[in-house]
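Student: My structure is stored as run06.cif, with mmCIF, C-alpha atoms.
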data_final
#
loop_
_atom_site.group_PDB
_atom_site.id
_atom_site.type_symbol
_atom_site.label_atom_id
_atom_site.label_comp_id
_atom_site.auth_asym_id
_atom_site.auth_seq_id
_atom_site.Cartn_x
_atom_site.Cartn_y
_atom_site.Cartn_z
ATOM 1 C CA MET A 1 11.372 167.793 -147.973
ATOM 2 C CA THR A 2 8.562 165.271 -147.358
ATOM 3 C CA PRO A 3 7.961 162.309 -149.727
ATOM 4 C CA GLU A 4 4.679 163.971 -150.828
ATOM 5 C CA GLU A 5 6.572 167.137 -151.748
ATOM 6 C CA VAL A 6 9.128 165.104 -153.720
ATOM 7 C CA LYS A 7 6.327 163.314 -155.600
ATOM 8 C CA HIS A 8 4.795 166.677 -156.425
ATOM 9 C CA HIS A 9 8.216 167.833 -157.713
ATOM 10 C CA ILE A 10 8.465 164.740 -159.923
ATOM 11 C CA LYS A 11 5.168 165.634 -161.635
ATOM 12 C CA THR A 12 6.586 169.113 -162.297
ATOM 13 C CA TYR A 13 9.803 167.616 -163.748
ATOM 14 C CA VAL A 14 7.782 165.557 -166.234
ATOM 15 C CA LEU A 15 5.754 168.609 -167.307
ATOM 16 C CA VAL A 16 8.932 170.676 -167.730
ATOM 17 C CA PHE A 17 10.491 167.849 -169.754
ATOM 18 C CA VAL A 18 7.507 167.818 -172.148
ATOM 19 C CA ALA A 19 7.656 171.631 -172.430
ATOM 20 C CA LEU A 20 11.400 171.518 -173.222
ATOM 21 C CA MET A 21 10.890 168.885 -175.925
ATOM 22 C CA PHE A 22 8.088 170.954 -177.471
ATOM 23 C CA LEU A 23 10.147 174.166 -177.349
ATOM 24 C CA THR A 24 13.099 172.383 -179.020
ATOM 25 C CA VAL A 25 10.809 171.525 -181.934
ATOM 26 C CA VAL A 26 9.601 175.167 -181.954
ATOM 27 C CA THR A 27 13.251 176.401 -181.998
ATOM 28 C CA VAL A 28 14.025 174.294 -185.072
ATOM 29 C CA ALA A 29 10.705 175.169 -186.772
ATOM 30 C CA ILE A 30 11.175 178.940 -186.485
ATOM 31 C CA SER A 31 14.607 178.656 -188.097
ATOM 32 C CA TYR A 32 12.797 177.586 -191.287
ATOM 33 C CA ILE A 33 10.539 180.669 -191.242
ATOM 34 C CA ASP A 34 11.906 183.712 -193.026
ATOM 35 C CA LEU A 35 11.841 186.400 -190.329
ATOM 36 C CA GLY A 36 14.951 188.244 -191.474
ATOM 37 C CA VAL A 37 18.256 188.008 -189.594
ATOM 38 C CA LYS A 38 17.261 190.274 -186.673
ATOM 39 C CA GLY A 39 13.792 188.763 -186.284
ATOM 40 C CA GLY A 40 15.161 185.213 -186.430
ATOM 41 C CA ILE A 41 17.839 185.938 -183.841
ATOM 42 C CA ALA A 42 15.389 187.705 -181.508
ATOM 43 C CA LEU A 43 12.781 184.936 -181.655
ATOM 44 C CA GLY A 44 15.380 182.128 -181.463
ATOM 45 C CA LEU A 45 17.006 183.649 -178.382
ATOM 46 C CA PHE A 46 13.593 184.340 -176.828
ATOM 47 C CA VAL A 47 12.613 180.649 -177.072
ATOM 48 C CA ALA A 48 16.086 179.595 -175.840
ATOM 49 C CA SER A 49 15.660 181.928 -172.848
ATOM 50 C CA ILE A 50 12.304 180.342 -171.961
ATOM 51 C CA LYS A 51 13.920 176.879 -172.130
ATOM 52 C CA ALA A 52 16.881 178.010 -170.019
ATOM 53 C CA SER A 53 14.512 179.567 -167.451
ATOM 54 C CA LEU A 54 12.579 176.302 -167.167
ATOM 55 C CA VAL A 55 15.801 174.330 -166.563
ATOM 56 C CA ALA A 56 17.113 176.882 -164.047
ATOM 57 C CA CYS A 57 13.818 177.355 -162.160
ATOM 58 C CA TYR A 58 12.689 173.732 -161.908
ATOM 59 C CA PHE A 59 15.620 171.335 -162.480
ATOM 60 C CA MET A 60 18.049 173.611 -160.608
ATOM 61 C CA HIS A 61 15.341 174.606 -158.097
ATOM 62 C CA LEU A 62 16.010 178.324 -158.478
ATOM 63 C CA ILE A 63 12.304 179.044 -158.125
ATOM 64 C CA ASP A 64 12.614 178.255 -154.422
ATOM 65 C CA GLU A 65 16.188 178.944 -153.285
ATOM 66 C CA LYS A 66 18.008 180.771 -150.521
ATOM 67 C CA THR A 67 18.824 184.490 -150.849
ATOM 68 C CA THR A 68 22.594 183.762 -150.779
ATOM 69 C CA ILE A 69 22.280 182.034 -154.156
ATOM 70 C CA TYR A 70 20.106 184.811 -155.585
ATOM 71 C CA TRP A 71 22.700 187.433 -154.605
ATOM 72 C CA THR A 72 25.476 185.319 -156.145
ATOM 73 C CA LEU A 73 23.485 185.073 -159.370
ATOM 74 C CA ILE A 74 22.640 188.783 -159.469
ATOM 75 C CA ALA A 75 26.379 189.584 -159.259
ATOM 76 C CA THR A 76 27.019 186.976 -161.993
ATOM 77 C CA ALA A 77 24.275 188.370 -164.226
ATOM 78 C CA ILE A 78 25.658 191.927 -163.969
ATOM 79 C CA SER A 79 29.194 190.724 -164.818
ATOM 80 C CA PHE A 80 27.815 188.620 -167.676
ATOM 81 C CA LEU A 81 25.888 191.548 -169.167
ATOM 82 C CA ILE A 82 29.003 193.756 -169.050
ATOM 83 C CA LEU A 83 30.909 190.990 -170.844
ATOM 84 C CA ILE A 84 28.229 190.602 -173.516
ATOM 85 C CA PHE A 85 27.854 194.354 -174.133
ATOM 86 C CA LEU A 86 31.625 194.969 -174.388
ATOM 87 C CA PRO A 87 31.712 193.963 -178.080
ATOM 88 C CA VAL A 88 28.639 196.102 -178.758
ATOM 89 C CA GLY A 89 30.502 199.102 -177.316
ATOM 90 C CA ALA A 90 33.560 198.261 -179.418
ATOM 91 C CA PHE A 91 31.343 197.917 -182.490
ATOM 92 C CA LEU A 92 29.769 201.343 -181.916
ATOM 93 C CA ALA A 93 33.199 202.922 -181.344
ATOM 94 C CA GLN A 94 34.394 201.419 -184.640
ATOM 95 C CA ALA A 95 31.299 202.738 -186.399
ATOM 96 C CA ARG A 96 32.137 206.263 -185.191
ATOM 97 C CA ILE A 97 35.724 205.998 -186.505
ATOM 98 C CA TYR A 98 34.711 205.051 -190.037
ATOM 99 C CA MET B 1 38.219 165.410 -138.582
ATOM 100 C CA ASP B 2 34.639 166.016 -139.690
ATOM 101 C CA ILE B 3 34.034 168.538 -142.430
ATOM 102 C CA PRO B 4 31.389 170.931 -141.095
ATOM 103 C CA PHE B 5 28.124 171.804 -142.836
ATOM 104 C CA ASN B 6 28.182 169.161 -145.561
ATOM 105 C CA VAL B 7 24.730 167.983 -144.479
ATOM 106 C CA LYS B 8 23.422 170.612 -142.085
ATOM 107 C CA GLU B 9 22.888 174.128 -143.358
ATOM 108 C CA ARG B 10 25.201 176.911 -142.247
ATOM 109 C CA PRO B 11 23.247 179.409 -140.164
ATOM 110 C CA ASP B 12 24.623 182.450 -142.040
ATOM 111 C CA THR B 13 24.153 181.224 -145.645
ATOM 112 C CA GLY B 14 21.200 178.890 -145.079
ATOM 113 C CA LEU B 15 22.964 176.336 -147.310
ATOM 114 C CA TYR B 16 25.254 173.359 -146.894
ATOM 115 C CA ASN B 17 28.758 174.334 -148.005
ATOM 116 C CA GLY B 18 28.913 172.157 -151.111
ATOM 117 C CA LYS B 19 25.824 173.809 -152.566
ATOM 118 C CA LEU B 20 27.204 177.320 -152.162
ATOM 119 C CA GLY B 21 30.520 176.032 -153.572
ATOM 120 C CA ILE B 22 28.940 174.652 -156.750
ATOM 121 C CA TRP B 23 26.989 177.890 -157.318
ATOM 122 C CA PHE B 24 30.236 179.887 -157.032
ATOM 123 C CA PHE B 25 31.800 177.481 -159.513
ATOM 124 C CA LEU B 26 28.836 177.817 -161.879
ATOM 125 C CA ALA B 27 29.121 181.618 -161.614
ATOM 126 C CA SER B 28 32.723 181.314 -162.871
ATOM 127 C CA GLU B 29 31.491 179.000 -165.630
ATOM 128 C CA VAL B 30 28.962 181.626 -166.743
ATOM 129 C CA MET B 31 31.872 184.023 -167.174
ATOM 130 C CA LEU B 32 33.948 181.404 -169.042
ATOM 131 C CA PHE B 33 31.225 180.681 -171.593
ATOM 132 C CA GLY B 34 30.135 184.335 -171.460
ATOM 133 C CA GLY B 35 33.569 185.338 -172.758
ATOM 134 C CA LEU B 36 33.127 183.027 -175.722
ATOM 135 C CA PHE B 37 29.591 184.239 -176.444
ATOM 136 C CA SER B 38 30.994 187.764 -176.289
ATOM 137 C CA ALA B 39 33.711 186.762 -178.782
ATOM 138 C CA TYR B 40 31.018 185.259 -181.016
ATOM 139 C CA ILE B 41 29.045 188.547 -181.028
ATOM 140 C CA PHE B 42 32.269 190.463 -181.744
ATOM 141 C CA LEU B 43 33.143 188.220 -184.706
ATOM 142 C CA ARG B 44 29.617 188.164 -186.077
ATOM 143 C CA THR B 45 28.986 191.899 -185.888
ATOM 144 C CA GLY B 46 32.422 192.614 -187.392
ATOM 145 C CA VAL B 47 31.621 191.213 -190.839
ATOM 146 C CA ASP B 48 28.921 191.915 -193.412
ATOM 147 C CA ASN B 49 28.293 188.291 -194.319
ATOM 148 C CA TRP B 50 28.250 185.715 -191.536
ATOM 149 C CA PRO B 51 27.707 182.144 -192.793
ATOM 150 C CA ALA B 52 24.457 180.390 -191.922
ATOM 151 C CA GLY B 53 24.966 177.447 -189.564
ATOM 152 C CA THR B 54 23.315 175.164 -192.121
ATOM 153 C CA ASP B 55 26.159 175.931 -194.583
ATOM 154 C CA TYR B 56 28.543 173.866 -192.440
ATOM 155 C CA LEU B 57 26.605 172.098 -189.691
ATOM 156 C CA ASP B 58 24.193 169.191 -189.412
ATOM 157 C CA VAL B 59 20.953 170.494 -187.832
ATOM 158 C CA PRO B 60 19.121 167.105 -187.510
ATOM 159 C CA LEU B 61 22.088 165.586 -185.596
ATOM 160 C CA ALA B 62 22.330 168.649 -183.340
ATOM 161 C CA THR B 63 18.554 168.509 -182.720
ATOM 162 C CA LEU B 64 18.913 164.881 -181.669
ATOM 163 C CA ASN B 65 21.755 165.896 -179.350
ATOM 164 C CA THR B 66 19.548 168.610 -177.837
ATOM 165 C CA LEU B 67 16.864 166.012 -177.119
ATOM 166 C CA PHE B 68 19.527 163.721 -175.585
ATOM 167 C CA LEU B 69 20.794 166.447 -173.235
ATOM 168 C CA ILE B 70 17.312 167.543 -172.163
ATOM 169 C CA SER B 71 16.413 163.897 -171.486
ATOM 170 C CA SER B 72 19.631 163.409 -169.492
ATOM 171 C CA SER B 73 18.795 166.497 -167.431
ATOM 172 C CA VAL B 74 15.401 165.124 -166.447
ATOM 173 C CA THR B 75 16.832 161.679 -165.583
ATOM 174 C CA MET B 76 19.524 163.408 -163.516
ATOM 175 C CA VAL B 77 16.975 165.281 -161.419
ATOM 176 C CA MET B 78 14.883 162.101 -161.154
ATOM 177 C CA SER B 79 17.910 160.252 -159.754
ATOM 178 C CA TRP B 80 18.174 162.899 -157.000
ATOM 179 C CA ALA B 81 14.405 162.699 -156.338
ATOM 180 C CA SER B 82 14.705 158.883 -156.080
ATOM 181 C CA LEU B 83 17.294 159.269 -153.308
ATOM 182 C CA LYS B 84 14.976 161.719 -151.533
ATOM 183 C CA LEU B 85 12.359 158.921 -151.661
ATOM 184 C CA ASN B 86 14.934 156.407 -150.319
ATOM 185 C CA ASP B 87 14.759 154.394 -153.552
ATOM 186 C CA PHE B 88 18.383 153.525 -154.324
ATOM 187 C CA LYS B 89 17.508 151.105 -157.142
ATOM 188 C CA LYS B 90 15.688 153.825 -159.047
ATOM 189 C CA TYR B 91 18.604 156.183 -158.388
ATOM 190 C CA LYS B 92 20.924 153.665 -160.079
ATOM 191 C CA LEU B 93 18.533 153.243 -163.002
ATOM 192 C CA TYR B 94 18.093 156.965 -163.636
ATOM 193 C CA THR B 95 21.843 157.600 -163.281
ATOM 194 C CA LEU B 96 22.594 154.842 -165.781
ATOM 195 C CA ILE B 97 20.121 156.362 -168.259
ATOM 196 C CA THR B 98 21.736 159.781 -167.708
ATOM 197 C CA LEU B 99 25.137 158.290 -168.536
ATOM 198 C CA LEU B 100 23.769 156.594 -171.662
ATOM 199 C CA PHE B 101 22.308 159.872 -172.946
ATOM 200 C CA ALA B 102 25.612 161.616 -172.185
ATOM 201 C CA PHE B 103 27.571 158.973 -174.116
ATOM 202 C CA GLY B 104 25.010 159.245 -176.924
ATOM 203 C CA PHE B 105 25.720 162.978 -177.085
ATOM 204 C CA LEU B 106 29.459 162.279 -177.402
ATOM 205 C CA VAL B 107 28.958 159.664 -180.122
ATOM 206 C CA ILE B 108 26.861 162.064 -182.194
ATOM 207 C CA LYS B 109 29.418 164.815 -181.639
ATOM 208 C CA TYR B 110 32.135 162.412 -182.837
ATOM 209 C CA PHE B 111 30.208 161.822 -186.083
ATOM 210 C CA GLU B 112 29.658 165.573 -186.478
ATOM 211 C CA TYR B 113 33.351 166.410 -186.004
ATOM 212 C CA SER B 114 34.457 163.490 -188.226
ATOM 213 C CA ALA B 115 32.260 164.727 -191.071
ATOM 214 C CA LYS B 116 33.873 168.171 -190.807
ATOM 215 C CA PHE B 117 37.415 166.773 -190.900
ATOM 216 C CA ALA B 118 36.585 164.346 -193.739
ATOM 217 C CA HIS B 119 35.117 167.102 -195.926
ATOM 218 C CA ASN B 120 37.122 168.047 -199.011
ATOM 219 C CA PRO B 121 38.652 170.545 -198.297
ATOM 220 C CA PRO B 122 38.484 169.790 -194.547
ATOM 221 C CA TYR B 123 36.490 172.100 -192.291
ATOM 222 C CA LEU B 124 38.972 173.047 -189.584
ATOM 223 C CA PRO B 125 39.025 175.693 -186.846
ATOM 224 C CA SER B 126 41.525 177.563 -189.029
ATOM 225 C CA THR B 127 39.216 177.537 -192.085
ATOM 226 C CA ASN B 128 37.265 180.637 -191.062
ATOM 227 C CA ASN B 129 36.007 182.542 -188.024
ATOM 228 C CA PHE B 130 32.663 180.723 -187.995
ATOM 229 C CA LEU B 131 34.317 177.297 -187.757
ATOM 230 C CA GLY B 132 36.918 178.665 -185.340
ATOM 231 C CA ILE B 133 34.274 179.818 -182.834
ATOM 232 C CA TYR B 134 32.140 176.697 -183.529
ATOM 233 C CA PHE B 135 34.964 174.302 -182.627
ATOM 234 C CA THR B 136 36.046 176.401 -179.631
ATOM 235 C CA MET B 137 32.585 176.656 -178.081
ATOM 236 C CA THR B 138 31.393 173.124 -178.816
ATOM 237 C CA GLY B 139 34.850 171.713 -177.916
ATOM 238 C CA LEU B 140 34.747 173.369 -174.497
ATOM 239 C CA HIS B 141 31.192 172.130 -174.054
ATOM 240 C CA VAL B 142 32.248 168.569 -174.954
ATOM 241 C CA LEU B 143 35.004 168.788 -172.314
ATOM 242 C CA HIS B 144 32.300 169.672 -169.787
ATOM 243 C CA ILE B 145 30.242 166.668 -170.908
ATOM 244 C CA ILE B 146 33.293 164.398 -170.425
ATOM 245 C CA GLY B 147 33.888 165.919 -166.959
ATOM 246 C CA GLY B 148 30.244 165.313 -166.084
ATOM 247 C CA ILE B 149 30.407 161.698 -167.270
ATOM 248 C CA LEU B 150 33.463 161.083 -165.068
ATOM 249 C CA VAL B 151 31.806 162.481 -161.941
ATOM 250 C CA ILE B 152 28.359 160.945 -162.559
ATOM 251 C CA GLY B 153 30.099 157.639 -163.424
ATOM 252 C CA TYR B 154 31.993 157.780 -160.123
ATOM 253 C CA PHE B 155 28.759 158.282 -158.163
ATOM 254 C CA TYR B 156 27.099 155.487 -160.148
ATOM 255 C CA GLY B 157 29.957 153.105 -159.313
ATOM 256 C CA PRO B 158 32.492 153.346 -156.467
ATOM 257 C CA GLY B 159 31.180 156.607 -155.012
ATOM 258 C CA SER B 160 27.716 155.157 -154.436
ATOM 259 C CA THR B 161 28.875 153.172 -151.380
ATOM 260 C CA MET B 162 28.455 156.383 -149.375
ATOM 261 C CA TRP B 163 24.692 155.797 -149.554
ATOM 262 C CA ASP B 164 25.092 152.985 -146.977
ATOM 263 C CA SER B 165 27.040 155.075 -144.460
ATOM 264 C CA GLU B 166 25.922 158.693 -145.040
ATOM 265 C CA PRO B 167 22.758 158.748 -147.176
ATOM 266 C CA GLU B 168 21.955 162.432 -146.624
ATOM 267 C CA ARG B 169 25.470 163.524 -147.572
ATOM 268 C CA PHE B 170 25.355 161.287 -150.659
ATOM 269 C CA THR B 171 22.002 162.802 -151.689
ATOM 270 C CA ASN B 172 23.534 166.273 -151.392
ATOM 271 C CA ARG B 173 26.449 165.187 -153.581
ATOM 272 C CA ILE B 174 24.009 164.044 -156.271
ATOM 273 C CA GLU B 175 22.205 167.378 -156.029
ATOM 274 C CA ILE B 176 25.531 169.162 -156.597
ATOM 275 C CA VAL B 177 26.462 166.982 -159.596
ATOM 276 C CA GLY B 178 22.947 167.553 -160.909
ATOM 277 C CA LEU B 179 23.336 171.336 -160.704
ATOM 278 C CA TYR B 180 26.532 171.067 -162.750
ATOM 279 C CA TRP B 181 24.848 168.787 -165.303
ATOM 280 C CA HIS B 182 21.830 171.078 -165.708
ATOM 281 C CA PHE B 183 24.229 173.960 -166.297
ATOM 282 C CA VAL B 184 25.909 171.980 -169.106
ATOM 283 C CA ASP B 185 22.428 171.417 -170.574
ATOM 284 C CA LEU B 186 21.653 175.118 -170.184
ATOM 285 C CA VAL B 187 24.777 176.133 -172.124
ATOM 286 C CA TRP B 188 23.779 173.804 -174.972
ATOM 287 C CA ILE B 189 20.264 175.320 -175.024
ATOM 288 C CA PHE B 190 21.931 178.570 -176.161
ATOM 289 C CA LEU B 191 24.739 177.033 -178.248
ATOM 290 C CA PHE B 192 22.294 175.081 -180.400
ATOM 291 C CA PRO B 193 20.305 178.001 -181.873
ATOM 292 C CA VAL B 194 23.253 180.434 -181.864
ATOM 293 C CA LEU B 195 25.602 178.191 -183.875
ATOM 294 C CA TYR B 196 23.282 175.923 -185.840
ATOM 295 C CA LEU B 197 20.103 177.859 -186.513
ATOM 296 C CA LEU B 198 20.604 181.627 -186.490
#
Would you write the structure of this file as structure tokens?

Tutor:
Amino acid sequence: MTPEEVKHHIKTYVLVFVALMFLTVVTVAISYIDLGVKGGIALGLFVASIKASLVACYFMHLIDEKTTIYWTLIATAISFLILIFLPVGAFLAQARIY
Amino acid sequence: MDIPFNVKERPDTGLYNGKLGIWFFLASEVMLFGGLFSAYIFLRTGVDNWPAGTDYLDVPLATLNTLFLISSSVTMVMSWASLKLNDFKKYKLYTLITLLFAFGFLVIKYFEYSAKFAHNPPYLPSTNNFLGIYFTMTGLHVLHIIGGILVIGYFYGPGSTMWDSEPERFTNRIEIVGLYWHFVDLVWIFLFPVLYLL
């Protein structure tokens, strides 16, 4: 990485930092708006996902990484989704019982 | 004996070994926290009335902590960029600021936990499921912050002498610590709305 490229990266880091600060304020602000439980959760997690993507893509340089890391993360994401949807499956099974 | 591929990239992975190692570690961390998020969903969907975070938790303090962690993430990546620009003094400055933000996070967390324990009756992990999952998830996260402080502190102090002998290897080490630290920030980005706001 050349010094010019690093300096360009630094400008991006500052922009991402400002965006993250702004989105934190947005996250808190939407919690005061009455959107109902489902609406609040959906919007809150949507904003959190944007923030997480910014951190992962720019601070963790995932926007420009090697395929080995992408494959590792795809395997992780699949395992994570199974883990998250396990309770949903259990919840639906319980709903059928009662 | 020299450890291979700690600076040069391995031809098959295209990465130096430490970088692949930290991503494997972070993958296991995703599953660790993922298990707890899964438990949270299970607990929350299992009851009709789940308490609002504001019933028990201090949102302004947690917001301040969020700002601290985001700031520490940007100073962490700036410390790595400073090394890439061969500016060791700036590296030290940014690392010190990162450590200060991290300690700030712990101090605020201490006040948050103290207020829970001092409440009458005390708010304990055994009080209810909400507080149980709150203390478990934030407690594990705090342990990660402490771990990060120890490693970043080492590379700020005694570990930084490697810059004189093997600057490229040292820069890679800071990149690896940074990846860990950004992950800790990333976990908090989800913990904050899930526990405090939703």

Student: Determine the nearest neighbour of Glu112 (chain B) from the options B:Leu64, B:Ala52, B:Leu191, B:Leu197, counting all atoms listed in the file.

Tutor: B:Leu64

Student: Hey, which of A:Val14, A:Leu20, A:Asp34, A:Phe91 ends up closest to Leu54 (chain A)? Count all atoms listed in the file.

Tutor: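 The closest residue to Leu54 (chain A) is A:Leu20.
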
Student: Can you check which residues of chain A have any atom within 6 Å of chain B? Use only C-alpha atoms and format it as a compact mmCIF listing (two decimals) with C-alpha atoms, keeping the file's coordinate frame.

Tutor:
# COMPACT_ATOMS: atom_id res chain seq x y z
CA PRO A 3 7.96 162.31 -149.73
CA SER A 31 14.61 178.66 -188.10
CA ILE A 41 17.84 185.94 -183.84
CA ALA A 48 16.09 179.60 -175.84
CA ALA A 52 16.88 178.01 -170.02
CA MET A 60 18.05 173.61 -160.61
CA THR A 68 22.59 183.76 -150.78
CA THR A 76 27.02 186.98 -161.99
CA ILE A 84 28.23 190.60 -173.52
CA PRO A 87 31.71 193.96 -178.08

Student: Using the chain letters and numbers from the file, which residues does the PyMOL selection byres ((chain B and resi 131-146) around 8) grab, as a list of chain:residue names?

Tutor: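 Against this file, the PyMOL selection byres ((chain B and resi 131-146) around 8) returns the residues B:Phe33, B:Leu36, B:Tyr40, B:Ala102, B:Leu106, B:Tyr123, B:Leu124, B:Pro125, B:Ser126, B:Thr127, B:Asn128, B:Asn129, B:Phe130, B:Gly147, B:Gly148, B:Ile149, B:Leu150, B:Val184, B:Val187, B:Trp188, B:Leu191, B:Leu195.
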
Student: Pull out every residue that the PyMOL selection byres ((chain A and resi 22) around 12) matches in the shown coordinates and put them as an MDAnalysis selection string.

Tutor: (chainID A and resid 15:21 23:29 47:48 50:51) or (chainID B and resid 63 66:67 70)

Student: Compare B:Ile152, B:Ile3, B:Leu57, B:Leu83 by their minimum atom-to-atom distance to Lys116 (chain B), counting all atoms listed in the file, and give me the closest one.

Tutor: B:Leu57

Student: Between CA of Asp58 (chain B) and CA of Ser114 (chain B), what is the spacing in Å?

Tutor: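 Answer for the CA of Ser114 (chain B) to CA of Asp58 (chain B) separation: 11.8 Å.
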
Student: Rounded to one decimal in Å, what is the spacing between CA of Trp50 (chain B) and CA of Ile82 (chain A)?

Tutor: 23.9 Å

Student: Taking the structure I provided as the source, export region 59-81 of chain A with N, CA and C atoms, as a tab-separated table (two decimals), in the first residue's frame.

Tutor:
chain	number	residue	atom	x	y	z
A	59	PHE	N	-13.30	-0.24	8.43
A	59	PHE	CA	-12.28	-0.37	9.49
A	59	PHE	C	-11.61	-1.74	9.43
A	60	MET	N	-12.40	-2.77	9.06
A	60	MET	CA	-11.84	-4.13	9.00
A	60	MET	C	-11.43	-4.50	7.57
A	61	HIS	N	-11.57	-3.53	6.68
A	61	HIS	CA	-11.11	-3.65	5.27
A	61	HIS	C	-11.76	-4.81	4.51
A	62	LEU	N	-12.98	-5.18	4.90
A	62	LEU	CA	-13.62	-6.30	4.20
A	62	LEU	C	-14.05	-5.94	2.79
A	63	ILE	N	-14.11	-4.64	2.50
A	63	ILE	CA	-14.54	-4.23	1.16
A	63	ILE	C	-13.50	-4.63	0.12
A	64	ASP	N	-12.27	-4.87	0.57
A	64	ASP	CA	-11.20	-5.20	-0.37
A	64	ASP	C	-10.30	-6.26	0.28
A	65	GLU	N	-10.86	-7.48	0.40
A	65	GLU	CA	-10.08	-8.55	1.07
A	65	GLU	C	-9.87	-9.75	0.14
A	66	LYS	N	-9.09	-10.69	0.64
A	66	LYS	CA	-8.80	-11.89	-0.14
A	66	LYS	C	-9.98	-12.88	-0.05
A	67	THR	N	-10.11	-13.71	-1.09
A	67	THR	CA	-11.24	-14.66	-1.14
A	67	THR	C	-11.22	-15.64	0.03
A	68	THR	N	-10.05	-15.98	0.56
A	68	THR	CA	-9.98	-16.92	1.70
A	68	THR	C	-10.82	-16.40	2.87
A	69	ILE	N	-10.73	-15.09	3.11
A	69	ILE	CA	-11.48	-14.50	4.23
A	69	ILE	C	-12.98	-14.50	3.90
A	70	TYR	N	-13.32	-14.19	2.66
A	70	TYR	CA	-14.74	-14.19	2.28
A	70	TYR	C	-15.36	-15.58	2.48
A	71	TRP	N	-14.63	-16.62	2.07
A	71	TRP	CA	-15.15	-17.99	2.24
A	71	TRP	C	-15.32	-18.33	3.72
A	72	THR	N	-14.34	-17.91	4.52
A	72	THR	CA	-14.42	-18.14	5.98
A	72	THR	C	-15.68	-17.48	6.53
A	73	LEU	N	-15.93	-16.24	6.07
A	73	LEU	CA	-17.08	-15.50	6.60
A	73	LEU	C	-18.41	-16.03	6.08
A	74	ILE	N	-18.41	-16.55	4.86
A	74	ILE	CA	-19.66	-17.15	4.35
A	74	ILE	C	-20.03	-18.37	5.21
A	75	ALA	N	-19.03	-19.21	5.51
A	75	ALA	CA	-19.27	-20.38	6.37
A	75	ALA	C	-19.76	-19.92	7.75
A	76	THR	N	-19.14	-18.84	8.27
A	76	THR	CA	-19.55	-18.31	9.59
A	76	THR	C	-20.98	-17.80	9.54
A	77	ALA	N	-21.31	-17.07	8.47
A	77	ALA	CA	-22.65	-16.47	8.36
A	77	ALA	C	-23.71	-17.56	8.31
A	78	ILE	N	-23.44	-18.65	7.57
A	78	ILE	CA	-24.43	-19.74	7.48
A	78	ILE	C	-24.64	-20.37	8.87
A	79	SER	N	-23.51	-20.64	9.57
A	79	SER	CA	-23.61	-21.23	10.91
A	79	SER	C	-24.34	-20.29	11.86
A	80	PHE	N	-24.06	-18.99	11.74
A	80	PHE	CA	-24.69	-17.99	12.60
A	80	PHE	C	-26.21	-17.96	12.36
A	81	LEU	N	-26.60	-17.99	11.10
A	81	LEU	CA	-28.04	-17.94	10.78
A	81	LEU	C	-28.77	-19.16	11.32
